[in-house]
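Structure file model38.cif (mmCIF, C-alpha atoms) follows.
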```cif
data_entry
#
loop_
_atom_site.label_atom_id
_atom_site.label_comp_id
_atom_site.auth_asym_id
_atom_site.auth_seq_id
_atom_site.Cartn_x
_atom_site.Cartn_y
_atom_site.Cartn_z
CA MET A 35 30.73 -31.29 9.40
CA HIS A 36 33.61 -29.11 8.19
CA SER A 37 37.07 -29.53 9.71
CA ARG A 38 38.97 -26.54 11.03
CA GLY A 39 41.36 -26.91 8.13
CA SER A 40 38.61 -26.71 5.52
CA CYS A 41 37.09 -23.66 7.22
CA PHE A 42 40.44 -21.88 7.20
CA GLY A 43 40.78 -22.84 3.53
CA VAL A 44 37.48 -21.17 2.68
CA LEU A 45 38.50 -18.09 4.66
CA ALA A 46 41.81 -17.91 2.83
CA CYS A 47 40.01 -18.05 -0.52
CA LEU A 48 37.67 -15.25 0.53
CA LEU A 49 40.59 -13.10 1.68
CA GLY A 50 42.37 -13.76 -1.57
CA SER A 51 39.33 -12.64 -3.54
CA LEU A 52 39.10 -9.44 -1.52
CA ILE A 53 42.77 -8.65 -2.00
CA SER A 54 42.40 -9.03 -5.76
CA CYS A 55 39.50 -6.53 -5.83
CA SER A 56 39.92 -2.80 -6.22
CA PRO A 57 39.77 -0.77 -2.96
CA ALA A 58 36.27 0.54 -3.85
CA GLN A 59 34.99 -3.00 -4.28
CA ALA A 60 36.70 -4.37 -1.19
CA GLN A 61 35.78 -1.71 1.32
CA ALA A 62 32.64 0.39 1.54
CA ARG A 63 33.14 3.96 2.71
CA ALA A 64 31.27 5.87 5.39
CA MET A 65 30.54 8.74 2.99
CA PRO A 66 29.87 8.90 -0.76
CA GLY A 67 32.49 10.57 -2.93
CA LYS A 68 32.47 13.54 -5.28
CA ASP A 69 31.27 11.34 -8.13
CA VAL A 70 27.68 11.04 -6.78
CA SER A 71 26.23 13.55 -9.24
CA ALA A 72 27.84 11.87 -12.23
CA ILE A 73 26.59 8.45 -11.09
CA TYR A 74 23.11 9.88 -10.51
CA ASP A 75 23.11 11.32 -14.03
CA ARG A 76 23.95 7.89 -15.42
CA LEU A 77 21.42 5.98 -13.34
CA LEU A 78 18.36 8.24 -13.63
CA PRO A 79 17.77 7.89 -17.41
CA GLN A 80 17.92 4.11 -17.07
CA ILE A 81 15.64 4.08 -14.01
CA GLU A 82 13.13 6.27 -15.84
CA LYS A 83 12.76 3.54 -18.48
CA ILE A 84 11.75 0.83 -15.99
CA PRO A 85 8.04 -0.04 -16.31
CA ILE A 86 6.39 0.04 -12.89
CA VAL A 87 4.24 -2.53 -11.11
CA ASP A 88 2.39 -0.48 -8.49
CA MET A 89 1.60 -2.35 -5.26
CA HIS A 90 -0.76 0.20 -3.72
CA ALA A 91 -3.22 2.68 -5.23
CA HIS A 92 -6.88 3.71 -5.10
CA PRO A 93 -7.68 4.31 -8.79
CA GLY A 94 -11.01 5.96 -9.50
CA TYR A 95 -12.68 9.25 -10.35
CA TRP A 96 -12.97 12.13 -7.92
CA ASP A 97 -16.73 11.52 -7.60
CA ASP A 98 -16.43 7.72 -7.14
CA THR A 99 -17.48 6.46 -3.69
CA ASP A 100 -16.07 2.95 -4.25
CA VAL A 101 -12.39 3.91 -4.14
CA ASP A 102 -12.24 3.17 -0.40
CA ALA A 103 -14.22 1.53 2.39
CA MET A 104 -13.81 4.65 4.52
CA ALA A 105 -13.71 8.42 4.10
CA VAL A 106 -10.68 10.69 4.24
CA THR A 107 -11.43 13.05 7.10
CA THR A 108 -9.90 16.49 7.38
CA THR A 109 -7.00 17.30 9.68
CA ASP A 110 -6.11 20.54 11.41
CA LEU A 111 -2.79 20.73 9.59
CA ASP A 112 -1.81 18.89 6.40
CA PRO A 113 1.86 18.14 5.64
CA LEU A 114 3.40 20.88 3.51
CA ARG A 115 3.84 18.73 0.42
CA THR A 116 0.21 17.59 0.27
CA ARG A 117 -1.24 21.11 0.31
CA THR A 118 -2.80 22.44 -2.88
CA THR A 119 -0.20 25.23 -2.92
CA ASN A 120 2.59 22.74 -3.65
CA PRO A 121 4.05 23.80 -7.04
CA GLU A 122 4.70 20.14 -7.88
CA TRP A 123 1.00 19.80 -8.67
CA LEU A 124 1.51 22.39 -11.42
CA ALA A 125 4.24 20.20 -12.92
CA ALA A 126 1.86 17.22 -12.82
CA PHE A 127 -0.96 19.18 -14.48
CA LYS A 128 1.35 20.45 -17.21
CA ASP A 129 2.72 17.00 -17.95
CA LEU A 130 -0.62 15.17 -17.85
CA TYR A 131 -2.98 17.76 -19.33
CA GLY A 132 -0.82 20.43 -20.95
CA TYR A 133 -1.96 22.91 -18.28
CA PRO A 134 -0.98 26.30 -19.74
CA TYR A 135 -0.98 28.29 -16.50
CA SER A 136 1.41 28.81 -13.59
CA ASP A 137 -1.07 29.36 -10.78
CA PHE A 138 -4.08 27.78 -9.11
CA SER A 139 -6.65 30.52 -9.68
CA PRO A 140 -10.28 29.32 -9.73
CA GLU A 141 -10.62 30.34 -13.37
CA HIS A 142 -7.57 28.36 -14.41
CA LEU A 143 -8.59 25.32 -12.38
CA ARG A 144 -11.90 25.35 -14.26
CA TRP A 145 -9.84 24.91 -17.45
CA LEU A 146 -8.23 21.87 -15.83
CA ASP A 147 -11.59 20.43 -14.80
CA GLN A 148 -12.96 20.83 -18.32
CA LYS A 149 -9.86 19.24 -19.85
CA ASP A 150 -10.13 16.26 -17.52
CA ASP A 151 -13.83 15.88 -18.32
CA GLU A 152 -13.02 15.91 -22.04
CA LEU A 153 -10.46 13.13 -21.62
CA ARG A 154 -12.83 11.05 -19.51
CA LYS A 155 -15.48 11.37 -22.21
CA GLN A 156 -13.03 10.70 -25.04
CA TRP A 157 -11.32 7.67 -23.46
CA GLY A 158 -14.25 6.18 -21.55
CA LYS A 159 -13.27 3.06 -19.60
CA GLU A 160 -9.71 3.39 -20.92
CA TYR A 161 -9.17 6.74 -19.17
CA LEU A 162 -7.19 5.36 -16.23
CA SER A 163 -5.26 2.89 -18.40
CA LYS A 164 -4.11 5.73 -20.64
CA MET A 165 -3.08 7.72 -17.57
CA LEU A 166 -0.97 4.74 -16.47
CA ASP A 167 0.77 4.95 -19.85
CA ARG A 168 1.51 8.64 -19.29
CA VAL A 169 3.24 8.02 -15.96
CA GLY A 170 5.03 4.79 -16.89
CA ILE A 171 3.03 2.25 -14.87
CA GLN A 172 2.54 -1.18 -16.44
CA VAL A 173 0.16 -2.62 -13.82
CA SER A 174 -1.43 -1.02 -10.77
CA VAL A 175 -3.25 -2.47 -7.81
CA ALA A 176 -6.77 -1.14 -7.27
CA ASN A 177 -7.75 -0.89 -3.60
CA ARG A 178 -11.52 -0.59 -4.01
CA VAL A 179 -14.82 -1.76 -2.57
CA ALA A 180 -15.77 -3.01 -6.05
CA MET A 181 -14.01 -2.87 -9.42
CA ASP A 182 -16.98 -1.39 -11.34
CA TYR A 183 -15.59 0.19 -14.56
CA LEU A 184 -12.17 -1.41 -13.92
CA GLU A 185 -13.56 -4.94 -13.98
CA ASN A 186 -11.66 -7.22 -16.40
CA ASN A 187 -9.14 -4.47 -17.11
CA PRO A 188 -5.77 -6.29 -17.35
CA ARG A 189 -3.90 -3.17 -16.21
CA PHE A 190 -5.34 -3.43 -12.69
CA ARG A 191 -5.31 -6.00 -9.89
CA PHE A 192 -8.09 -6.00 -7.29
CA VAL A 193 -7.38 -5.59 -3.56
CA PHE A 194 -10.57 -5.68 -1.52
CA PHE A 195 -11.30 -4.35 1.96
CA VAL A 196 -12.19 -6.87 4.64
CA ASP A 197 -12.42 -4.79 7.85
CA PRO A 198 -16.24 -4.63 7.62
CA PHE A 199 -16.37 -8.34 8.43
CA MET A 200 -14.93 -7.57 11.87
CA PHE A 201 -17.81 -5.24 12.80
CA PRO A 202 -21.16 -7.00 12.19
CA PHE A 203 -22.87 -5.90 15.43
CA ASN A 204 -24.06 -2.61 16.88
CA ASN A 205 -21.06 -0.28 16.56
CA GLN A 206 -22.36 2.67 18.57
CA ARG A 207 -19.84 2.20 21.37
CA LEU A 208 -16.97 2.19 18.87
CA MET A 209 -17.77 5.70 17.60
CA ILE A 210 -15.55 7.24 20.24
CA ASN A 211 -14.50 10.31 18.24
CA PRO A 212 -15.73 12.34 15.23
CA ASP A 213 -13.51 10.39 12.80
CA ARG A 214 -14.88 6.99 13.79
CA ALA A 215 -18.40 8.39 13.77
CA VAL A 216 -17.81 8.88 10.02
CA TYR A 217 -15.99 5.60 9.43
CA PHE A 218 -18.32 3.06 11.01
CA PRO A 219 -21.51 3.82 9.03
CA ILE A 220 -19.39 3.29 5.89
CA GLN A 221 -18.14 -0.03 7.26
CA GLU A 222 -21.71 -1.12 7.98
CA LYS A 223 -22.80 -0.15 4.47
CA ALA A 224 -19.91 -2.15 2.98
CA LEU A 225 -20.79 -5.21 5.08
CA HIS A 226 -24.39 -5.13 3.86
CA ARG A 227 -23.05 -4.95 0.33
CA TYR A 228 -20.83 -7.98 0.94
CA LEU A 229 -23.70 -9.95 2.44
CA ALA A 230 -25.78 -9.21 -0.65
CA GLN A 231 -22.84 -10.27 -2.82
CA ALA A 232 -22.96 -13.63 -1.05
CA GLY A 233 -26.72 -13.87 -1.65
CA LEU A 234 -27.74 -12.98 1.91
CA GLN A 235 -30.18 -10.40 3.24
CA GLY A 236 -28.82 -10.43 6.79
CA LEU A 237 -26.34 -12.09 9.07
CA PRO A 238 -26.24 -15.91 8.86
CA ALA A 239 -27.74 -17.97 11.67
CA ASP A 240 -24.39 -19.05 13.11
CA LEU A 241 -20.66 -18.35 12.99
CA ALA A 242 -20.07 -21.21 10.56
CA GLY A 243 -22.47 -19.55 8.14
CA TYR A 244 -20.77 -16.18 8.64
CA GLU A 245 -17.35 -17.64 7.87
CA ALA A 246 -18.79 -19.38 4.81
CA CYS A 247 -20.15 -16.00 3.69
CA ILE A 248 -16.68 -14.46 4.07
CA ARG A 249 -15.13 -17.28 2.08
CA LYS A 250 -17.67 -16.86 -0.73
CA VAL A 251 -17.02 -13.11 -0.98
CA LEU A 252 -13.25 -13.69 -1.08
CA GLU A 253 -13.68 -16.32 -3.79
CA LEU A 254 -15.89 -14.03 -5.88
CA ASP A 255 -13.47 -11.11 -5.55
CA LYS A 256 -10.53 -13.31 -6.48
CA GLN A 257 -12.36 -14.13 -9.71
CA GLN A 258 -12.35 -10.39 -10.51
CA ASN A 259 -8.54 -10.31 -10.80
CA GLY A 260 -8.26 -10.19 -7.01
CA VAL A 261 -4.79 -10.60 -5.53
CA ALA A 262 -5.11 -9.55 -1.88
CA ILE A 263 -7.31 -8.69 1.06
CA LYS A 264 -6.75 -5.32 2.72
CA PHE A 265 -7.01 -4.33 6.38
CA GLU A 266 -7.34 -0.65 7.28
CA ALA A 267 -7.68 -1.82 10.87
CA PRO A 268 -5.78 0.95 12.74
CA TYR A 269 -8.47 3.43 11.71
CA PHE A 270 -11.05 1.36 13.59
CA ARG A 271 -9.12 -0.43 16.33
CA SER A 272 -5.60 -0.95 17.61
CA LEU A 273 -3.10 -3.44 16.18
CA VAL A 274 -1.68 -3.84 19.68
CA ASN A 275 -2.20 -7.22 21.38
CA ILE A 276 -4.28 -8.98 18.75
CA THR A 277 -5.03 -12.19 20.62
CA ASP A 278 -5.79 -15.72 19.43
CA PRO A 279 -9.17 -16.50 21.02
CA PRO A 280 -10.73 -19.97 20.74
CA ARG A 281 -13.50 -20.38 18.20
CA GLN A 282 -16.01 -21.32 20.88
CA GLN A 283 -15.59 -17.91 22.52
CA ALA A 284 -16.14 -16.04 19.25
CA GLU A 285 -19.10 -18.27 18.45
CA ALA A 286 -20.78 -17.48 21.78
CA ILE A 287 -20.40 -13.74 21.13
CA TYR A 288 -21.80 -14.10 17.60
CA ASN A 289 -24.81 -16.06 18.86
CA LYS A 290 -25.43 -13.50 21.60
CA TYR A 291 -25.43 -10.38 19.38
CA ARG A 292 -26.35 -11.59 15.91
CA GLU A 293 -29.96 -10.45 16.28
CA GLY A 294 -29.30 -7.29 18.29
CA GLY A 295 -27.74 -5.79 21.37
CA THR A 296 -24.40 -4.10 21.85
CA PRO A 297 -21.30 -6.10 22.78
CA THR A 298 -19.07 -4.87 25.58
CA ASN A 299 -15.71 -3.52 24.43
CA GLU A 300 -14.01 -6.67 25.70
CA GLU A 301 -16.43 -8.99 23.89
CA TYR A 302 -16.15 -7.09 20.63
CA LEU A 303 -12.34 -7.13 20.71
CA VAL A 304 -12.37 -10.91 21.18
CA PHE A 305 -14.66 -11.30 18.18
CA GLN A 306 -12.57 -8.91 16.04
CA ASP A 307 -9.38 -10.77 16.93
CA TYR A 308 -10.94 -14.07 15.90
CA ILE A 309 -12.24 -12.74 12.58
CA PHE A 310 -8.94 -10.96 11.87
CA ARG A 311 -7.11 -14.27 12.12
CA SER A 312 -9.87 -16.14 10.31
CA LEU A 313 -9.59 -13.73 7.38
CA ILE A 314 -5.82 -14.26 7.22
CA ALA A 315 -6.27 -18.03 7.24
CA GLN A 316 -8.92 -17.90 4.52
CA ALA A 317 -6.79 -15.57 2.40
CA GLY A 318 -3.85 -17.93 2.72
CA ALA A 319 -5.96 -20.90 1.66
CA LEU A 320 -7.03 -18.98 -1.46
CA HIS A 321 -3.45 -17.84 -2.20
CA LEU A 322 -4.37 -14.20 -1.64
CA GLN A 323 -1.89 -11.75 -0.17
CA VAL A 324 -2.68 -9.94 3.09
CA HIS A 325 -2.17 -6.16 2.98
CA VAL A 326 -2.23 -4.21 6.25
CA HIS A 327 -2.24 -0.43 6.71
CA SER A 328 0.74 0.03 9.02
CA ALA A 329 1.65 3.70 9.18
CA VAL A 330 0.49 7.20 9.94
CA GLY A 331 -3.14 7.86 8.98
CA SER A 332 -5.46 10.74 8.18
CA GLY A 333 -7.82 12.52 10.53
CA ASN A 334 -7.36 14.23 13.88
CA TYR A 335 -7.88 11.10 16.00
CA TYR A 336 -5.69 8.48 14.33
CA ARG A 337 -3.24 7.10 16.90
CA LEU A 338 0.26 6.32 15.65
CA SER A 339 0.83 3.97 18.55
CA GLU A 340 -2.11 1.80 17.42
CA GLY A 341 -0.93 1.39 13.82
CA ASN A 342 2.66 0.26 14.33
CA ALA A 343 3.67 -2.64 12.06
CA MET A 344 5.87 -4.04 14.81
CA ASP A 345 2.75 -4.95 16.79
CA LEU A 346 1.93 -7.52 14.11
CA GLU A 347 5.12 -9.46 14.74
CA ASN A 348 3.32 -12.21 16.67
CA ILE A 349 1.07 -12.79 13.65
CA LEU A 350 3.78 -12.48 10.99
CA ARG A 351 5.87 -15.07 12.85
CA ASP A 352 2.95 -17.44 13.45
CA PRO A 353 3.84 -20.77 11.77
CA ARG A 354 0.22 -21.18 10.67
CA TYR A 355 0.66 -18.27 8.24
CA LYS A 356 4.15 -19.06 6.97
CA ASP A 357 2.84 -19.68 3.44
CA THR A 358 0.78 -16.46 3.36
CA THR A 359 2.36 -13.35 1.86
CA PHE A 360 2.02 -10.18 3.97
CA VAL A 361 2.63 -6.68 2.63
CA MET A 362 3.06 -3.93 5.20
CA ILE A 363 1.33 -1.14 3.33
CA HIS A 364 3.11 2.22 3.78
CA GLY A 365 6.10 0.37 5.25
CA GLY A 366 5.38 1.17 8.89
CA TYR A 367 6.21 4.87 8.41
CA PRO A 368 7.33 6.75 10.51
CA TYR A 369 8.69 3.60 12.20
CA ASP A 370 10.31 2.55 8.93
CA GLN A 371 13.74 1.91 10.47
CA GLN A 372 12.26 -0.75 12.72
CA SER A 373 9.77 -2.17 10.22
CA ILE A 374 12.41 -3.03 7.61
CA TRP A 375 13.58 -5.87 9.85
CA LEU A 376 10.20 -7.56 9.48
CA ALA A 377 11.19 -8.13 5.84
CA ALA A 378 13.73 -10.69 7.06
CA LEU A 379 10.78 -13.07 7.14
CA PRO A 380 10.43 -14.83 3.77
CA ASN A 381 6.73 -13.99 3.46
CA VAL A 382 6.85 -10.28 4.46
CA TYR A 383 7.27 -7.30 2.11
CA LEU A 384 7.30 -3.54 2.74
CA ASP A 385 5.42 -1.14 0.46
CA SER A 386 6.72 2.43 0.17
CA SER A 387 3.45 4.23 -0.53
CA GLU A 388 1.80 7.10 1.40
CA PHE A 389 5.01 8.71 2.64
CA ILE A 390 6.00 8.83 -1.03
CA ILE A 391 3.63 11.83 -1.14
CA LEU A 392 4.00 13.06 2.45
CA VAL A 393 7.75 13.77 2.26
CA PHE A 394 9.88 15.40 -0.42
CA PRO A 395 12.27 13.36 -2.61
CA GLU A 396 15.38 14.11 -0.54
CA GLU A 397 13.92 12.55 2.62
CA TYR A 398 12.35 9.77 0.57
CA SER A 399 15.77 8.90 -0.83
CA HIS A 400 17.17 8.56 2.71
CA ILE A 401 14.44 6.05 3.61
CA LEU A 402 14.94 4.10 0.39
CA ARG A 403 18.69 3.97 0.93
CA ARG A 404 18.25 2.47 4.41
CA TRP A 405 15.87 -0.12 3.01
CA PHE A 406 18.00 -0.90 -0.07
CA GLU A 407 21.02 -1.44 2.18
CA ILE A 408 19.22 -4.12 4.19
CA PHE A 409 16.63 -6.13 2.22
CA PRO A 410 16.30 -4.69 -1.30
CA GLU A 411 14.50 -7.79 -2.59
CA LYS A 412 11.61 -7.22 -0.17
CA ILE A 413 10.79 -3.58 -0.98
CA VAL A 414 8.01 -2.70 -3.41
CA PHE A 415 6.88 0.54 -5.05
CA GLY A 416 3.45 1.95 -4.24
CA SER A 417 2.06 5.22 -5.59
CA ASP A 418 -0.87 5.60 -3.17
CA ALA A 419 -2.76 7.35 -5.96
CA PHE A 420 -6.08 8.63 -4.62
CA PRO A 421 -8.75 11.11 -5.77
CA TYR A 422 -8.19 13.65 -3.01
CA SER A 423 -10.14 16.35 -4.87
CA ARG A 424 -11.41 17.37 -8.31
CA GLU A 425 -7.93 18.60 -9.29
CA VAL A 426 -5.60 16.61 -7.03
CA ASN A 427 -6.91 13.48 -8.66
CA VAL A 428 -5.65 9.95 -9.28
CA PRO A 429 -3.54 10.84 -12.35
CA ALA A 430 -1.86 13.70 -10.47
CA THR A 431 -1.04 11.52 -7.46
CA TYR A 432 0.18 8.71 -9.73
CA TRP A 433 2.46 11.29 -11.36
CA LEU A 434 3.80 12.63 -8.06
CA GLY A 435 4.45 9.15 -6.66
CA VAL A 436 6.32 7.99 -9.77
CA HIS A 437 8.31 11.23 -10.05
CA THR A 438 9.31 11.05 -6.38
CA ALA A 439 10.34 7.41 -6.49
CA ARG A 440 12.40 7.59 -9.66
CA ILE A 441 14.58 10.52 -8.64
CA ALA A 442 14.81 9.38 -5.01
CA ALA A 443 15.83 5.85 -6.01
CA ALA A 444 18.45 7.23 -8.39
CA ALA A 445 19.84 9.46 -5.61
CA ALA A 446 19.90 6.65 -3.03
CA LEU A 447 21.55 4.19 -5.38
CA ALA A 448 24.08 6.75 -6.62
CA GLU A 449 25.22 7.29 -3.03
CA MET A 450 25.49 3.54 -2.51
CA VAL A 451 27.58 3.14 -5.67
CA SER A 452 29.82 6.07 -4.75
CA ALA A 453 30.31 4.68 -1.24
CA GLY A 454 31.40 1.34 -2.67
CA GLU A 455 28.39 -0.54 -1.33
CA VAL A 456 27.17 -1.80 -4.72
CA THR A 457 28.26 -1.66 -8.34
CA GLU A 458 26.26 0.27 -10.93
CA PRO A 459 24.92 -2.96 -12.50
CA ARG A 460 23.80 -4.12 -9.05
CA ALA A 461 22.20 -0.71 -8.39
CA LEU A 462 20.12 -1.04 -11.55
CA GLU A 463 19.17 -4.58 -10.55
CA ILE A 464 17.91 -3.22 -7.21
CA ALA A 465 15.96 -0.52 -9.05
CA ARG A 466 14.34 -3.07 -11.36
CA GLY A 467 13.36 -5.10 -8.32
CA TYR A 468 11.88 -2.14 -6.48
CA PHE A 469 9.89 -0.77 -9.41
CA HIS A 470 8.92 -3.99 -11.16
CA ASP A 471 10.29 -7.43 -10.35
CA ASN A 472 9.62 -7.72 -6.60
CA THR A 473 5.90 -7.01 -7.01
CA GLY A 474 5.78 -8.67 -10.41
CA ARG A 475 7.01 -11.89 -8.84
CA LEU A 476 4.05 -11.82 -6.44
CA PHE A 477 1.60 -11.12 -9.28
CA GLY A 478 3.01 -13.67 -11.71
CA ILE A 479 4.45 -11.02 -14.05
CA GLU A 480 7.62 -11.93 -15.94
CA PRO A 481 10.70 -10.25 -14.43
CA LEU A 482 12.52 -7.66 -16.53
CA SER A 483 15.76 -9.61 -16.12
CA ALA A 484 14.18 -12.46 -18.12
CA LYS A 485 13.71 -10.12 -21.07
CA HIS A 486 17.31 -9.03 -21.33
#
```

Would you write the structure of this file as structure tokens?
Amino acid sequence: MHSRGSCFGVLACLLGSLISCSPAQAQARAMPGKDVSAIYDRLLPQIEKIPIVDMHAHPGYWDDTDVDAMAVTTTDLDPLRTRTTNPEWLAAFKDLYGYPYSDFSPEHLRWLDQKDDELRKQWGKEYLSKMLDRVGIQVSVANRVAMDYLENNPRFRFVFFVDPFMFPFNNQRLMINPDRAVYFPIQEKALHRYLAQAGLQGLPADLAGYEACIRKVLELDKQQNGVAIKFEAPYFRSLVNITDPPRQQAEAIYNKYREGGTPTNEEYLVFQDYIFRSLIAQAGALHLQVHVHSAVGSGNYYRLSEGNAMDLENILRDPRYKDTTFVMIHGGYPYDQQSIWLAALPNVYLDSSEFIILVFPEEYSHILRRWFEIFPEKIVFGSDAFPYSREVNVPATYWLGVHTARIAAAAALAEMVSAGEVTEPRALEIARGYFHDNTGRLFGIEPLSAKH
């Protein structure tokens, strides 16, 4: 135990160190200075050289049905930046394909389609790897149902969807709106595929067999460069009040409905809660990360209140999962100011994908600055690349995500340097963490700092 005298001695040393610092180092300011632009101009070229480890993407071709375990349903009104009229797509097409036009006319888009087809034919299975080179990504996660043509590709890590395991019974009552009427048949198809992967033609005879099936699928997917399981749960059910039911209760429900019948809503929620936690436990035992969609979603019926990352706090703080790494995919947006505090837990990270495309760089820089000012070591880059259409494809969304993050990070860090919050060397260290080292550490990739 320290004496009062020794405590005062430490305090005196700290005060002496502060006095010897320059005013900018000793006291952060409430506003950045006039030197922000000059600092930004110094930081951006260095940030643009950082190779990226991408925590969240859906790489695949526009006609590939395995890029997700659900469908992207249409909405009545898309955010301005995601519309096909956004001129940033032109910049992406020009950079990636040498697009010679300045409009989106059908005739000119046919040129783009033909050019993309030529590259796919020319590069074959290396098409997506070469596109990673063009945007500056070293390694990207692949959120997919199956790796297919990406199998054994060292540029990609496999993240596999596990929600279908929560819905093995008759799901008719869960199709409560047009969106879920689309989603659940896809979940059922994926579950049948997983059962076949485990060598089964139908549901096992008991819950123990079902859990063994889940474990086998997770083990097989891990062997395909798998690093994480992925829950898209808020599209199918709420994250609010996920309980911790006893196994006997879940087992009785499984035995009752394995061969047919429709569970009540209450019974099905109990079973889902049990399997949700069982999946987390099995992932932890296999040293797989747990990724959870925790933000705004697509479609007209997605409920923001049912996808809030803060509702997972009881699970994230459960001592049983303290050695399991959780990544809050999409960072809880638009509740990002609250979600950042979840990163105080040693096993929780926030991914900045999805809103990287929904908002423009200025707003993105504001979010990054708030996060960088609190837990910069726990923030990871995610592109959320996805084949939204023939033209707004995976390479174009990779490009937009990388472009947004680099200039937004430079802007956020320049303001922090100007305000006296961090030094320029520390700002670049934060940038290397965000774009590379924080995710690289989770994937076993050598940090950039070790190479300098």

Selection result of the PyMOL selection byres ((chain A and resi 297-301) around 10) on this file, as an NGL selection string: :A and (203-208 or 283-284 or 286-288 or 290-291 or 294-296 or 302-306)

Long-range neighbours of Ala446 of chain A as a ChimeraX atom specification, 8 Å cut-off, only C-alpha atoms, 6 positions minimum in chain: /A:399-400,402-403

Identify, on the basis of all atoms listed in the file, every residue whose closest approach to segment 317-324 of chain A does not exceed 10 Å; exclude the query and any residue fewer than 5 positions from it along the same chain; express the result as a count of residues only. 27

I'd like the contact shell of segment 344-351 of chain A - 7 Å cut-off, only C-alpha atoms, skipping same-chain residues fewer than 4 positions apart - returned as an MDAnalysis selection string. chainID A and resid 273:274 373

How far is it from atom CA of Pro429 of chain A to atom CA of Met165 of chain A, in Å with one decimal?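 Calculated distance between atom CA of Pro429 of chain A and atom CA of Met165 of chain A is 6.1 Å.
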
Just give me the gap between atom CA of Gly158 of chain A and atom CA of Arg144 of chain A in Å, one decimal is fine.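 These atoms are spaced 20.6 Å apart.
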
Model the absent atoms of segment 473-484 of chain A so that N, CA, C and O atoms are present, and write the result as a tab-separated table (two decimals), keeping the file's coordinate frame.
```tsv
chain	number	residue	atom	x	y	z
A	473	THR	N	7.36	-6.88	-6.98
A	473	THR	CA	5.90	-7.01	-7.01
A	473	THR	C	5.46	-7.93	-8.13
A	473	THR	O	4.55	-8.74	-7.96
A	474	GLY	N	6.13	-7.81	-9.28
A	474	GLY	CA	5.78	-8.67	-10.41
A	474	GLY	C	5.86	-10.14	-10.06
A	474	GLY	O	5.03	-10.95	-10.49
A	475	ARG	N	6.86	-10.50	-9.26
A	475	ARG	CA	7.01	-11.89	-8.84
A	475	ARG	C	5.79	-12.34	-8.04
A	475	ARG	O	5.32	-13.49	-8.19
A	476	LEU	N	5.23	-11.48	-7.22
A	476	LEU	CA	4.05	-11.82	-6.44
A	476	LEU	C	2.80	-11.90	-7.30
A	476	LEU	O	1.85	-12.62	-6.97
A	477	PHE	N	2.78	-11.15	-8.41
A	477	PHE	CA	1.60	-11.12	-9.28
A	477	PHE	C	1.72	-12.05	-10.48
A	477	PHE	O	0.83	-12.09	-11.33
A	478	GLY	N	2.83	-12.79	-10.57
A	478	GLY	CA	3.01	-13.67	-11.71
A	478	GLY	C	3.38	-12.97	-12.99
A	478	GLY	O	3.12	-13.47	-14.09
A	479	ILE	N	4.01	-11.79	-12.88
A	479	ILE	CA	4.45	-11.02	-14.05
A	479	ILE	C	5.92	-11.34	-14.32
A	479	ILE	O	6.74	-11.36	-13.40
A	480	GLU	N	6.25	-11.55	-15.57
A	480	GLU	CA	7.62	-11.93	-15.94
A	480	GLU	C	8.61	-10.86	-15.52
A	480	GLU	O	8.41	-9.68	-15.77
A	481	PRO	N	9.70	-11.23	-14.85
A	481	PRO	CA	10.70	-10.25	-14.43
A	481	PRO	C	11.40	-9.62	-15.62
A	481	PRO	O	11.55	-10.23	-16.68
A	482	LEU	N	11.84	-8.36	-15.45
A	482	LEU	CA	12.52	-7.66	-16.53
A	482	LEU	C	13.83	-8.36	-16.89
A	482	LEU	O	14.24	-8.36	-18.04
A	483	SER	N	14.48	-8.96	-15.87
A	483	SER	CA	15.76	-9.61	-16.12
A	483	SER	C	15.63	-10.74	-17.13
A	483	SER	O	16.56	-11.08	-17.84
A	484	ALA	N	14.41	-11.35	-17.19
A	484	ALA	CA	14.18	-12.46	-18.12
A	484	ALA	C	14.05	-11.98	-19.55
A	484	ALA	O	14.09	-12.78	-20.47
```
